[in-house]
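> For reference, the file query_3.tsv (TSV, C-alpha atoms and all ligand atoms) is included below:
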```tsv
chain	number	residue	atom	x	y	z
A	1	LEU	CA	166.09	215.33	-93.20
A	2	THR	CA	166.61	212.54	-90.68
A	3	PHE	CA	165.44	209.88	-93.12
A	4	PRO	CA	166.25	209.08	-96.75
A	5	LEU	CA	163.70	210.12	-99.37
A	6	ARG	CA	162.19	207.27	-101.38
A	7	PHE	CA	161.25	207.66	-105.01
A	8	LEU	CA	158.21	205.80	-106.32
A	9	PRO	CA	157.04	205.37	-109.90
A	10	LEU	CA	154.26	207.82	-110.72
A	11	GLU	CA	151.71	205.02	-111.13
A	12	GLN	CA	152.24	204.03	-107.47
A	13	CYS	CA	151.52	207.56	-106.24
A	14	GLU	CA	148.08	208.75	-105.24
A	15	PRO	CA	146.86	211.62	-107.42
A	16	SER	CA	146.40	214.87	-105.53
A	17	LEU	CA	142.80	215.73	-104.73
A	18	PRO	CA	141.07	218.23	-107.02
A	19	LYS	CA	141.38	221.74	-105.60
A	20	SER	CA	138.26	223.35	-104.22
A	21	LYS	CA	138.44	226.94	-105.44
A	22	HIS	CA	138.11	229.34	-102.49
A	23	GLY	CA	137.27	226.24	-100.41
A	24	HIS	CA	139.15	227.63	-97.42
A	25	LEU	CA	136.69	230.48	-96.82
A	26	GLY	CA	134.15	229.85	-94.08
A	27	ILE	CA	134.23	227.43	-91.14
A	28	HIS	CA	135.85	224.02	-91.70
A	29	PRO	CA	136.71	221.10	-89.37
A	30	GLN	CA	140.36	220.14	-88.91
A	31	THR	CA	141.65	216.60	-88.35
A	32	ASP	CA	142.70	217.52	-84.77
A	33	GLY	CA	139.06	218.13	-83.75
A	34	THR	CA	139.22	221.93	-83.90
A	35	ASN	CA	138.16	224.17	-86.81
A	36	TYR	CA	139.65	226.79	-89.04
A	37	LEU	CA	138.00	230.01	-90.10
A	38	GLY	CA	138.81	231.29	-93.60
A	39	VAL	CA	138.50	235.08	-93.75
A	40	LEU	CA	137.89	237.04	-96.95
A	41	THR	CA	140.29	240.03	-97.05
A	42	PRO	CA	139.63	241.61	-100.48
A	43	VAL	CA	142.86	241.75	-102.55
A	44	GLY	CA	144.80	241.33	-99.30
A	45	ARG	CA	144.41	244.90	-98.07
A	46	ILE	CA	144.24	245.10	-94.28
A	47	THR	CA	144.54	248.18	-92.06
A	48	VAL	CA	146.69	248.15	-88.94
A	49	PRO	CA	143.65	248.16	-86.56
A	50	GLN	CA	142.13	245.27	-88.54
A	51	MET	CA	145.41	243.33	-88.32
A	52	HIS	CA	145.51	243.85	-84.54
A	53	ALA	CA	141.87	242.74	-84.26
A	54	LEU	CA	142.53	239.58	-86.31
A	55	ALA	CA	145.60	238.78	-84.19
A	56	ASP	CA	143.47	239.17	-81.05
A	57	ILE	CA	140.85	236.78	-82.50
A	58	ALA	CA	143.55	234.21	-83.27
A	59	GLU	CA	144.94	234.46	-79.73
A	60	LYS	CA	141.61	234.53	-77.91
A	61	TYR	CA	139.68	231.89	-79.86
A	62	GLY	CA	142.31	229.91	-81.81
A	63	ARG	CA	145.89	228.95	-81.10
A	64	GLY	CA	147.49	232.31	-81.82
A	65	GLU	CA	148.21	231.51	-85.45
A	66	ILE	CA	147.23	233.12	-88.76
A	67	ARG	CA	148.00	231.65	-92.18
A	68	LEU	CA	147.94	233.41	-95.54
A	69	THR	CA	146.43	231.93	-98.71
A	70	VAL	CA	147.30	232.28	-102.38
A	71	TRP	CA	143.95	234.02	-102.91
A	72	GLN	CA	145.12	236.92	-100.70
A	73	ASN	CA	142.80	235.81	-97.90
A	74	LEU	CA	143.75	234.39	-94.49
A	75	ILE	CA	142.99	231.46	-92.22
A	76	ILE	CA	142.68	231.38	-88.43
A	77	PRO	CA	143.25	227.72	-87.43
A	78	GLY	CA	142.75	225.75	-84.21
A	79	ILE	CA	139.38	227.13	-83.08
A	80	PRO	CA	137.39	224.78	-80.77
A	81	ASP	CA	133.68	224.28	-81.58
A	82	GLU	CA	132.54	226.33	-78.59
A	83	ASN	CA	134.57	229.36	-79.74
A	84	ILE	CA	133.28	229.41	-83.32
A	85	PRO	CA	130.23	231.70	-82.82
A	86	ALA	CA	132.27	234.32	-80.96
A	87	ALA	CA	135.19	234.10	-83.40
A	88	ALA	CA	132.87	234.44	-86.42
A	89	ALA	CA	131.12	237.46	-84.88
A	90	ALA	CA	134.47	239.05	-84.06
A	91	VAL	CA	135.63	238.61	-87.68
A	92	LEU	CA	132.48	240.36	-88.94
A	93	ALA	CA	133.14	243.19	-86.47
A	94	THR	CA	136.52	243.84	-88.16
A	95	GLY	CA	134.69	244.69	-91.40
A	96	PHE	CA	135.78	241.45	-93.08
A	97	ASP	CA	133.61	238.43	-93.83
A	98	TYR	CA	134.19	234.69	-93.62
A	99	ARG	CA	131.24	233.69	-95.79
A	100	ASN	CA	132.22	232.68	-99.30
A	101	HIS	CA	131.31	234.56	-102.43
A	102	SER	CA	131.72	232.99	-105.84
A	103	ILE	CA	133.57	236.01	-107.28
A	104	THR	CA	135.16	238.08	-104.52
A	105	GLY	CA	136.52	234.92	-102.84
A	106	GLY	CA	138.85	234.36	-105.79
A	107	LEU	CA	139.62	237.93	-106.82
A	108	ILE	CA	143.31	238.76	-106.56
A	109	ALA	CA	145.46	241.67	-107.68
A	110	CYS	CA	149.15	242.51	-107.75
A	111	THR	CA	150.51	245.63	-106.02
A	112	GLY	CA	149.61	247.84	-108.98
A	113	SER	CA	150.28	251.55	-109.45
A	114	ARG	CA	149.82	252.36	-105.75
A	115	GLY	CA	153.16	250.73	-105.00
A	116	CYS	CA	154.91	249.43	-108.11
A	117	LYS	CA	156.68	251.51	-110.75
A	118	TYR	CA	155.94	249.01	-113.53
A	119	ALA	CA	152.16	249.16	-113.18
A	120	ALA	CA	149.95	250.45	-115.97
A	121	ALA	CA	146.88	250.40	-113.72
A	122	ASP	CA	145.66	250.60	-110.13
A	123	THR	CA	145.05	246.86	-109.98
A	124	LYS	CA	143.91	246.64	-106.36
A	125	GLY	CA	141.53	249.60	-106.61
A	126	ASN	CA	140.17	248.31	-109.92
A	127	ALA	CA	139.77	244.78	-108.52
A	128	ILE	CA	137.69	246.04	-105.60
A	129	ALA	CA	135.52	248.16	-107.94
A	130	LEU	CA	135.09	245.19	-110.29
A	131	GLY	CA	134.24	242.83	-107.41
A	132	ASP	CA	131.70	245.29	-105.97
A	133	HIS	CA	130.04	245.68	-109.38
A	134	LEU	CA	129.82	241.94	-110.04
A	135	ALA	CA	128.74	241.03	-106.50
A	136	GLY	CA	125.91	243.54	-106.81
A	137	THR	CA	124.71	242.46	-110.25
A	138	ILE	CA	125.21	238.72	-110.71
A	139	GLN	CA	124.78	235.53	-108.70
A	140	LEU	CA	127.04	232.61	-109.63
A	141	ASP	CA	126.60	229.06	-108.34
A	142	ALA	CA	130.23	228.10	-109.05
A	143	PRO	CA	133.47	229.91	-108.20
A	144	VAL	CA	135.18	232.04	-110.85
A	145	ASN	CA	138.66	233.43	-110.26
A	146	ILE	CA	139.67	236.85	-111.55
A	147	HIS	CA	143.35	237.87	-111.49
A	148	LEU	CA	144.44	241.48	-112.12
A	149	THR	CA	148.08	242.12	-112.86
A	150	GLY	CA	149.58	245.52	-113.61
A	151	CYS	CA	152.14	244.61	-116.26
A	152	GLN	CA	153.62	241.70	-118.19
A	153	HIS	CA	155.62	240.54	-115.14
A	154	SER	CA	152.31	239.02	-114.06
A	155	CYS	CA	152.79	238.91	-110.29
A	156	ALA	CA	149.08	238.03	-109.97
A	157	GLN	CA	149.43	235.30	-112.63
A	158	HIS	CA	146.66	236.54	-114.90
A	159	TYR	CA	147.33	233.75	-117.40
A	160	ILE	CA	146.14	231.01	-115.00
A	161	GLY	CA	142.97	232.75	-113.81
A	162	ASP	CA	139.54	231.88	-115.14
A	163	ILE	CA	139.54	235.55	-116.12
A	164	GLY	CA	142.85	237.42	-116.27
A	165	LEU	CA	143.42	241.15	-116.71
A	166	MET	CA	146.83	242.59	-117.60
A	167	GLY	CA	147.30	246.34	-117.24
A	168	ALA	CA	147.77	248.46	-120.37
A	169	ARG	CA	147.61	252.18	-121.13
A	170	VAL	CA	144.74	252.64	-123.57
A	171	LYS	CA	144.89	255.41	-126.16
A	172	LEU	CA	141.66	257.33	-126.72
A	173	GLU	CA	140.59	259.07	-129.94
A	174	ASP	CA	141.72	262.48	-128.64
A	175	GLY	CA	145.25	261.13	-128.12
A	176	SER	CA	145.06	260.96	-124.32
A	177	THR	CA	145.53	257.67	-122.48
A	178	VAL	CA	143.60	256.00	-119.66
A	179	GLU	CA	144.27	252.89	-117.63
A	180	GLY	CA	142.89	249.66	-118.98
A	181	TYR	CA	143.59	246.00	-119.50
A	182	ASN	CA	144.07	243.19	-121.98
A	183	ILE	CA	141.68	240.40	-120.99
A	184	VAL	CA	142.48	236.68	-121.15
A	185	LEU	CA	140.10	233.80	-120.43
A	186	GLY	CA	140.27	230.11	-119.55
A	187	GLY	CA	143.47	229.65	-117.52
A	188	GLY	CA	143.84	227.04	-114.79
A	189	VAL	CA	146.19	225.00	-112.59
A	190	ASP	CA	146.62	221.41	-111.38
A	191	ASP	CA	144.02	219.08	-112.87
A	192	THR	CA	142.60	221.93	-114.98
A	193	GLN	CA	145.89	223.49	-116.01
A	194	ALA	CA	145.76	225.78	-119.04
A	195	ILE	CA	147.21	229.08	-120.25
A	196	ALA	CA	144.45	231.62	-120.78
A	197	ARG	CA	143.85	233.03	-124.26
A	198	GLU	CA	143.70	236.75	-125.01
A	199	ILE	CA	140.14	237.70	-126.01
A	200	TRP	CA	140.06	241.49	-125.67
A	201	LYS	CA	142.92	243.96	-126.03
A	202	SER	CA	143.32	247.49	-124.61
A	203	VAL	CA	139.94	247.86	-122.93
A	204	PRO	CA	139.53	251.02	-120.80
A	205	PHE	CA	138.84	249.96	-117.20
A	206	THR	CA	135.55	251.86	-117.14
A	207	ASP	CA	134.23	249.42	-119.79
A	208	ILE	CA	135.40	246.29	-117.99
A	209	PRO	CA	132.88	245.77	-115.14
A	210	PRO	CA	129.88	245.69	-117.53
A	211	LEU	CA	131.85	243.61	-120.05
A	212	ILE	CA	132.79	240.94	-117.47
A	213	GLY	CA	129.21	241.04	-116.19
A	214	GLN	CA	127.92	240.36	-119.72
A	215	LEU	CA	130.45	237.56	-120.14
A	216	LEU	CA	129.30	235.88	-116.92
A	217	VAL	CA	125.65	236.21	-117.92
A	218	ALA	CA	126.56	234.52	-121.23
A	219	TYR	CA	128.33	231.75	-119.27
A	220	LEU	CA	125.26	231.14	-117.10
A	221	ARG	CA	123.02	231.08	-120.17
A	222	GLU	CA	125.15	229.03	-122.57
A	223	ARG	CA	127.07	226.58	-120.35
A	224	GLN	CA	126.58	222.84	-120.46
A	225	PRO	CA	125.51	220.95	-117.29
A	226	ASP	CA	128.23	221.22	-114.59
A	227	GLU	CA	130.54	223.08	-116.98
A	228	SER	CA	133.12	225.26	-115.23
A	229	PHE	CA	133.80	228.77	-116.49
A	230	ALA	CA	137.25	227.74	-117.80
A	231	ARG	CA	135.83	224.79	-119.74
A	232	PHE	CA	133.10	227.04	-121.13
A	233	ALA	CA	135.68	229.65	-122.21
A	234	ASN	CA	137.96	227.08	-123.83
A	235	ARG	CA	135.07	225.41	-125.68
A	236	HIS	CA	134.45	228.63	-127.62
A	237	THR	CA	136.62	230.51	-130.08
A	238	PRO	CA	137.71	234.07	-129.22
A	239	ASP	CA	135.25	235.41	-131.82
A	240	GLU	CA	132.41	233.41	-130.28
A	241	LEU	CA	133.23	234.70	-126.79
A	242	ARG	CA	133.30	238.31	-128.01
A	243	GLU	CA	130.01	237.76	-129.81
A	244	LEU	CA	128.34	236.09	-126.80
A	245	SER	CA	129.33	239.01	-124.54
A	246	ARG	CA	127.87	241.79	-126.70
A	247	PRO	CA	125.39	243.89	-124.69
A	248	ASP	CA	122.68	243.54	-127.37
A	249	LYS	CA	123.03	239.73	-127.23
A	250	ILE	CA	122.55	239.78	-123.46
A	251	ALA	CA	119.59	242.16	-123.64
A	252	ALA	CA	117.90	240.06	-126.33
A	253	ALA	CA	118.19	236.82	-124.35
B	301	LIG	S1	152.72	242.54	-112.13
B	301	LIG	FE1	153.93	244.32	-112.71
B	301	LIG	S2	152.79	246.05	-111.83
B	301	LIG	FE2	152.09	244.22	-110.76
B	301	LIG	S3	153.41	244.10	-108.93
B	301	LIG	FE3	154.31	242.80	-110.55
B	301	LIG	S4	155.83	244.13	-111.53
B	301	LIG	FE4	154.42	245.46	-110.39
```
Could you write out this structure as structure tokens?
Ligand code: SF4


Amino acid sequence: LTFPLRFLPLEQCEPSLPKSKHGHLGIHPQTDGTNYLGVLTPVGRITVPQMHALADIAEKYGRGEIRLTVWQNLIIPGIPDENIPAAAAAVLATGFDYRNHSITGGLIACTGSRGCKYAAADTKGNAIALGDHLAGTIQLDAPVNIHLTGCQHSCAQHYIGDIGLMGARVKLEDGSTVEGYNIVLGGGVDDTQAIAREIWKSVPFTDIPPLIGQLLVAYLRERQPDESFARFANRHTPDELRELSRPDKIAAA
């Protein structure tokens, strides 16, 4: 540094602004008068042709720059107003989307069994299947983050997601095993920091999309005004959450 750092008492510091979950997806103005385009790239998987196409968009319509986000999405900054329609159409032509979705926008997964020897589950494949199921069956009006991690090393930080899944081999009655997850709820960071609590253990993955769907229906039905999913989850005991998410409870409502 070319200048000395100054230390101020905490009370003289401005608090950081609350984070807008998935707020970077879509078209947003920058302070320099241009815009950035946040692109949804589900669980960060991009083919080589898609990567070339995105690089071309950044060069042609932006300032030749792409930034990565913690939600495994990306940002193309520096796009002038007049280039926005063409840039947005070009993003859609790659097969990706820039429009936000309350679930898939905050769905992240570690490498999983396709590339990591520690994984107990195909986290990225399961995340995409889970996101497709939820996007097709439920409409949320507030963002919910889901983090899938393949083992206790927690590269996808399942314990700070609204909903966290940690890979586990699940033993069936016939003695065979299938891939599944332990499920934790209610984690958060910054102004909502919390470590998620384990609510379900050793759930086969095939049971998880309907279970999470039932949980989110229960959230929509039982939440208080303006209550986030994490606050809702932490206001209930584990037994209450399991009870609220039972299929017969949902059907009877
Ligand atoms: S969380 Fe485990 S399975 Fe996933 S990438 Fe990290 S070490 Fe591998």

> From the list A:Asn234, A:Thr94, A:Ser176, A:Asn100, which residue is nearest Ala53 of chain A when using all atoms listed in the file?

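The closest residue to Ala53 of chain A is A:Thr94.
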
> Just to confirm, what's the straight-line distance from atom CA of Ala127 of chain A to atom CA of His236 of chain A in Å (one decimal)?

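Straight-line distance from atom CA of Ala127 of chain A to atom CA of His236 of chain A works out to 25.6 Å.
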
> Please identify the residues whose atoms come within 12 Å of ligand LIG 301 (chain B), using all atoms listed in the file, and report them as an mmCIF file with C-alpha atoms, in the frame of the given file.


```cif
data_model
loop_
_atom_site.group_PDB
_atom_site.id
_atom_site.type_symbol
_atom_site.label_atom_id
_atom_site.label_comp_id
_atom_site.auth_asym_id
_atom_site.auth_seq_id
_atom_site.Cartn_x
_atom_site.Cartn_y
_atom_site.Cartn_z
ATOM 1 C CA ILE A 108 143.310 238.760 -106.560
ATOM 2 C CA ALA A 109 145.460 241.670 -107.680
ATOM 3 C CA CYS A 110 149.150 242.510 -107.750
ATOM 4 C CA THR A 111 150.510 245.630 -106.020
ATOM 5 C CA GLY A 112 149.610 247.840 -108.980
ATOM 6 C CA SER A 113 150.280 251.550 -109.450
ATOM 7 C CA ARG A 114 149.820 252.360 -105.750
ATOM 8 C CA GLY A 115 153.160 250.730 -105.000
ATOM 9 C CA CYS A 116 154.910 249.430 -108.110
ATOM 10 C CA LYS A 117 156.680 251.510 -110.750
ATOM 11 C CA TYR A 118 155.940 249.010 -113.530
ATOM 12 C CA ALA A 119 152.160 249.160 -113.180
ATOM 13 C CA ALA A 120 149.950 250.450 -115.970
ATOM 14 C CA ALA A 121 146.880 250.400 -113.720
ATOM 15 C CA ASP A 122 145.660 250.600 -110.130
ATOM 16 C CA THR A 123 145.050 246.860 -109.980
ATOM 17 C CA LYS A 124 143.910 246.640 -106.360
ATOM 18 C CA HIS A 147 143.350 237.870 -111.490
ATOM 19 C CA LEU A 148 144.440 241.480 -112.120
ATOM 20 C CA THR A 149 148.080 242.120 -112.860
ATOM 21 C CA GLY A 150 149.580 245.520 -113.610
ATOM 22 C CA CYS A 151 152.140 244.610 -116.260
ATOM 23 C CA GLN A 152 153.620 241.700 -118.190
ATOM 24 C CA HIS A 153 155.620 240.540 -115.140
ATOM 25 C CA SER A 154 152.310 239.020 -114.060
ATOM 26 C CA CYS A 155 152.790 238.910 -110.290
ATOM 27 C CA ALA A 156 149.080 238.030 -109.970
ATOM 28 C CA GLN A 157 149.430 235.300 -112.630
ATOM 29 C CA HIS A 158 146.660 236.540 -114.900
ATOM 30 C CA TYR A 159 147.330 233.750 -117.400
ATOM 31 C CA GLY A 164 142.850 237.420 -116.270
ATOM 32 C CA LEU A 165 143.420 241.150 -116.710
ATOM 33 C CA MET A 166 146.830 242.590 -117.600
ATOM 34 C CA GLY A 167 147.300 246.340 -117.240
ATOM 35 C CA ALA A 168 147.770 248.460 -120.370
ATOM 36 C CA TYR A 181 143.590 246.000 -119.500
#
```

> Compare A:Asn73, A:Ser16, A:Thr104, A:Thr2 by their minimum atom-to-atom distance to Asp191 of chain A, counting all atoms listed in the file, and give me the closest one.

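Smallest distance to Asp191 of chain A is found for A:Ser16.
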
> Report, in Å to a single decimal, how far apart atom CA of Ala58 of chain A and atom CA of Ala90 of chain A are.

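That distance, rounded to one decimal, is 10.3 Å.
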
> Name the closest residue to Leu211 of chain A among the candidates A:Ala196, A:Ile163, A:Ala230, A:Ala88; distances are taken between atoms, counting only C-alpha atoms.

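Nearest candidate to Leu211 of chain A out of A:Ala196, A:Ile163, A:Ala230, A:Ala88: A:Ile163.
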
> Please identify all polymer residues lying at most 7 Å from the point (134.6, 236.6, -79.5) (file coordinates), using only C-alpha atoms, and present the result as a PyMOL selection string.

chain A and resi 57+61+86-87+89-90

> Quick one: distance from atom CA of Val184 of chain A to atom CA of Arg231 of chain A in Å, one decimal?

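Taking atom CA of Val184 of chain A and atom CA of Arg231 of chain A, their separation equals 13.7 Å.
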
> Pick the closest to Pro49 of chain A from A:Ala93, A:Ala129, A:Ile195, A:Leu172: which is it, counting all atoms listed in the file?

A:Ala93

> Rank A:Leu215, A:Ile160, A:Cys13, A:Ile208 by their smallest atom-to-atom distance to Gln193 of chain A, using all atoms listed in the file, and report the top residue only.

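Selected residue with least distance to Gln193 of chain A: A:Ile160.
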
> Of the residues A:Pro15, A:Gly78, A:Pro9, A:Pro4, which is the one nearest to Asn35 of chain A, using only C-alpha atoms?

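Of all the options, A:Gly78 lies closest to Asn35 of chain A.
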